[in-house]
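Encoded as structure tokens, the structure appears first; notes follow it.
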Amino acid sequence: MIKKLSAYKTYMIYSGVSSFLFSLMFTMTSIFYIETVKVNPLQLVLIGTILETACFLFEIPTGIVADIYSRKLSIVVGVGMIGIGFILESSIPAYGIVLVSQVIWGVGATFLSGAEEAWIADEVGDKGLEKLFLKSAQIGQVFSILGIVVSGLLGSIGVRLPMVISGILFIGLSIFLVLFMPENGFKPKTMEDKNTWQKMVHTFSDGLKAIRKSTVLMSILGIALIYGLYSEGIDRLWGAHFLEDIMFPSLGNLKPALWFGIISTTASILGIIAVEIVKRRMEKRGKMDRMWLLVIINMMLIGSLFTFGLSGSFVIGFASYLAVSTFRRINEPIYRAWMNQGIESNVRATVLSTMGQIDAFGQIIGGVLIGLIAKQISISMGIVSAALILCPVILLYVFAINKNRNRNRFHLKELE
């Protein structure tokens, strides 16, 4: 019998390998869509809209599967489907095929959403999750750099080559997880008197009840919606902004594939350094200080987005995009750890999937809106509109901080 790895080691391997493979794939996608598939700005954003529509429709059912049957099974299926979608997308350079592939790997992504965090939380417990997520983020960033470098080198040979290889290796990763991934902390919900659909409805209902009774979770739902609304604009348009508005300098006759590799590698290195600094500061700070840190990070992110969208020179565009990428990388692990706090284990994947579904809904709406602005006005204005959409997230974070402060005061009065 094959010996399973520890949950901690498995999660770190998974974080590193999946980050490498995503970088291998996505470093070349902007060039692939614009120069090979020949899409316009609206079509470019609609690719993401189709992806997020698939995520929106399947987020809750797949999260419920993870709560009822197996977190591991959900992750294995998700990783395999992402691999299949990547292979299809990069094998046939046609817009229709690209859209179909988005549906396939988008459904795969919903099997991962919520299940990853729920699995590791069940295996190691809630204590120390922030530190674990920050550590995994650092490992992911290191492997992202390697993936970017490899993608840039392979992309200079053929843009589709690193994309196809990424899909094949994702399927290999799913096989690795089947063989070595443990699942000891998961306790499936036992509802023998209900059929599968009744189990799903019951678990979904439990997830909604958990959210409704917590004002903080309701705030996080609003934050997830705003993140979805703004993110599709920057995710899909940043590459087009460089290719069509800013333009790369004629330095050594470098191909766009190598320029994207340089930009992404630099962003990843800065992300590693920034996350390490934040991790060390967080170890000395309380929960309220960490929440205020999220406010500061998001304020800086908004300012960087405005600058990037309005930039016309390569130097300003390069610097502001690095700032955008760095603040997003710092924000993610802190935000993820905050979401996991206070969610009961038996509905954790369902609640997190609900958050994911709200995010996906936001990306559907925001993607179409920002795509229309980019097509009718300019790509630059599309990115500026994304920055404007993100602004209300500051108010929601401040609201959540005040709610936490008032709740803590209430508990202190009870103890007196």
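In the structure tokens, chains take letters A, B, ... by order of appearance, with residues numbered from 1 within each chain and ligands from 1 in the order shown.
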
To test your reading of the structure, identify every residue in stretch 134-285 of chain A that backbone DSSP assigns to helix (DSSP H, G or I), and report it as a PyMOL selection string.
chain A and resi 134-155+161-180+196-212+215-246+256-282

Find the spatial neighbours of A:Val150, counting only C-alpha atoms, within a cut-off of 12 Å - ignore same-chain residues fewer than 2 positions away - and output them as number ranges by chain.
A: 20-28, 143-148, 152-157, 159, 161-163, 165-166, 257-258, 260-262, 264-265

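For the residues A:Ile84, A:Ile50, A:Val76, A:Ala319, ranking by smallest atom-to-atom distance to A:Ile263 using only C-alpha atoms places A:Ala319 first.
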
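The interatomic distance for the pair atom CA of A:Val216 and atom CA of A:Met291 works out to 11.8 Å.
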
Got a sec: who's within 7 Å of A:Leu225, counting only C-alpha atoms, leaving out chain neighbours fewer than 4 positions off, as a short mmCIF file (atom, residue, chain, number, x, y, z; two decimals) with C-alpha atoms, in the first residue's frame?
```cif
data_model
loop_
_atom_site.label_atom_id
_atom_site.label_comp_id
_atom_site.auth_asym_id
_atom_site.auth_seq_id
_atom_site.Cartn_x
_atom_site.Cartn_y
_atom_site.Cartn_z
CA LEU A 221 -20.14 38.55 1.07
CA LEU A 229 -16.86 43.11 -10.01
CA ILE A 358 -20.89 35.74 -5.16
CA ASP A 359 -17.40 36.53 -6.47
CA GLY A 362 -19.58 39.89 -9.61
#
```

How many Å separate atom CA of A:Glu332 from atom CA of A:Ile234?
15.5 Å

Of the candidates A:Ser15, A:Ser6, A:Ser268, A:Asn298, which shows the shortest atom-to-atom distance to A:Lys135, using only C-alpha atoms?
A:Ser15

Residues within 12 Å of A:Leu173, only C-alpha atoms, excluding chain neighbours under 3 positions, as a VMD selection string
chain A and resid 10 13 to 21 75 to 83 166 to 170 176 to 181

Generate the output file for the selected residues, N, CA and C atoms, as a compact mmCIF listing (two decimals), in the first residue's frame.
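Dumped to again_24.txt:
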```txt
# COMPACT_ATOMS: atom_id res chain seq x y z
N THR A 10 1.56 17.73 1.85
CA THR A 10 0.73 17.63 0.64
C THR A 10 0.23 18.99 0.20
N ILE A 13 3.10 21.00 -1.33
CA ILE A 13 3.42 20.49 -2.67
C ILE A 13 2.35 20.92 -3.66
N TYR A 14 1.11 20.75 -3.25
CA TYR A 14 -0.02 21.14 -4.11
C TYR A 14 0.03 22.64 -4.44
N SER A 15 0.30 23.46 -3.43
CA SER A 15 0.37 24.91 -3.65
C SER A 15 1.47 25.26 -4.63
N GLY A 16 2.65 24.64 -4.47
CA GLY A 16 3.77 24.93 -5.34
C GLY A 16 3.56 24.47 -6.76
N VAL A 17 3.13 23.22 -6.92
CA VAL A 17 2.97 22.65 -8.27
C VAL A 17 1.83 23.33 -9.01
N SER A 18 0.70 23.55 -8.35
CA SER A 18 -0.43 24.19 -9.03
C SER A 18 -0.08 25.63 -9.43
N SER A 19 0.68 26.33 -8.57
CA SER A 19 1.10 27.69 -8.92
C SER A 19 2.03 27.68 -10.13
N PHE A 20 2.95 26.71 -10.18
CA PHE A 20 3.85 26.57 -11.32
C PHE A 20 3.05 26.35 -12.60
N LEU A 21 2.07 25.46 -12.54
CA LEU A 21 1.30 25.11 -13.73
C LEU A 21 0.37 26.24 -14.17
N ILE A 75 -11.28 17.87 -4.78
CA ILE A 75 -10.03 18.48 -5.26
C ILE A 75 -9.45 17.70 -6.44
N VAL A 76 -9.44 16.37 -6.35
CA VAL A 76 -8.90 15.54 -7.42
C VAL A 76 -9.67 15.75 -8.73
N VAL A 77 -11.00 15.75 -8.64
CA VAL A 77 -11.82 15.97 -9.83
C VAL A 77 -11.57 17.36 -10.41
N GLY A 78 -11.49 18.36 -9.54
CA GLY A 78 -11.26 19.72 -9.99
C GLY A 78 -9.95 19.89 -10.72
N VAL A 79 -8.87 19.35 -10.17
CA VAL A 79 -7.55 19.46 -10.79
C VAL A 79 -7.54 18.78 -12.16
N GLY A 80 -8.16 17.61 -12.26
CA GLY A 80 -8.22 16.89 -13.52
C GLY A 80 -9.00 17.64 -14.59
N MET A 81 -10.13 18.24 -14.20
CA MET A 81 -10.94 18.99 -15.17
C MET A 81 -10.22 20.25 -15.66
N ILE A 82 -9.47 20.89 -14.77
CA ILE A 82 -8.70 22.06 -15.19
C ILE A 82 -7.68 21.65 -16.25
N GLY A 83 -7.02 20.51 -16.05
CA GLY A 83 -6.07 20.01 -17.03
C GLY A 83 -6.71 19.76 -18.39
N SER A 166 1.09 22.56 -19.58
CA SER A 166 0.43 22.82 -18.31
C SER A 166 -0.79 21.92 -18.12
N GLY A 167 -1.61 21.78 -19.15
CA GLY A 167 -2.79 20.93 -19.05
C GLY A 167 -2.45 19.48 -18.78
N ILE A 168 -1.43 18.98 -19.47
CA ILE A 168 -1.00 17.59 -19.27
C ILE A 168 -0.52 17.37 -17.85
N LEU A 169 0.28 18.32 -17.33
CA LEU A 169 0.82 18.17 -15.98
C LEU A 169 -0.25 18.33 -14.91
N PHE A 170 -1.30 19.08 -15.18
CA PHE A 170 -2.41 19.17 -14.22
C PHE A 170 -3.08 17.80 -14.04
N PHE A 176 -1.30 12.23 -8.75
CA PHE A 176 -0.46 12.31 -7.55
C PHE A 176 -1.33 12.46 -6.29
N LEU A 177 -2.35 13.31 -6.35
CA LEU A 177 -3.22 13.53 -5.20
C LEU A 177 -4.01 12.29 -4.84
N VAL A 178 -4.46 11.54 -5.85
CA VAL A 178 -5.17 10.28 -5.59
C VAL A 178 -4.29 9.34 -4.76
N LEU A 179 -3.01 9.30 -5.10
CA LEU A 179 -2.10 8.34 -4.48
C LEU A 179 -1.59 8.79 -3.10
N PHE A 180 -1.33 10.08 -2.92
CA PHE A 180 -0.59 10.52 -1.73
C PHE A 180 -1.34 11.47 -0.80
N MET A 181 -2.49 11.97 -1.19
CA MET A 181 -3.20 12.96 -0.37
C MET A 181 -4.00 12.27 0.74
```
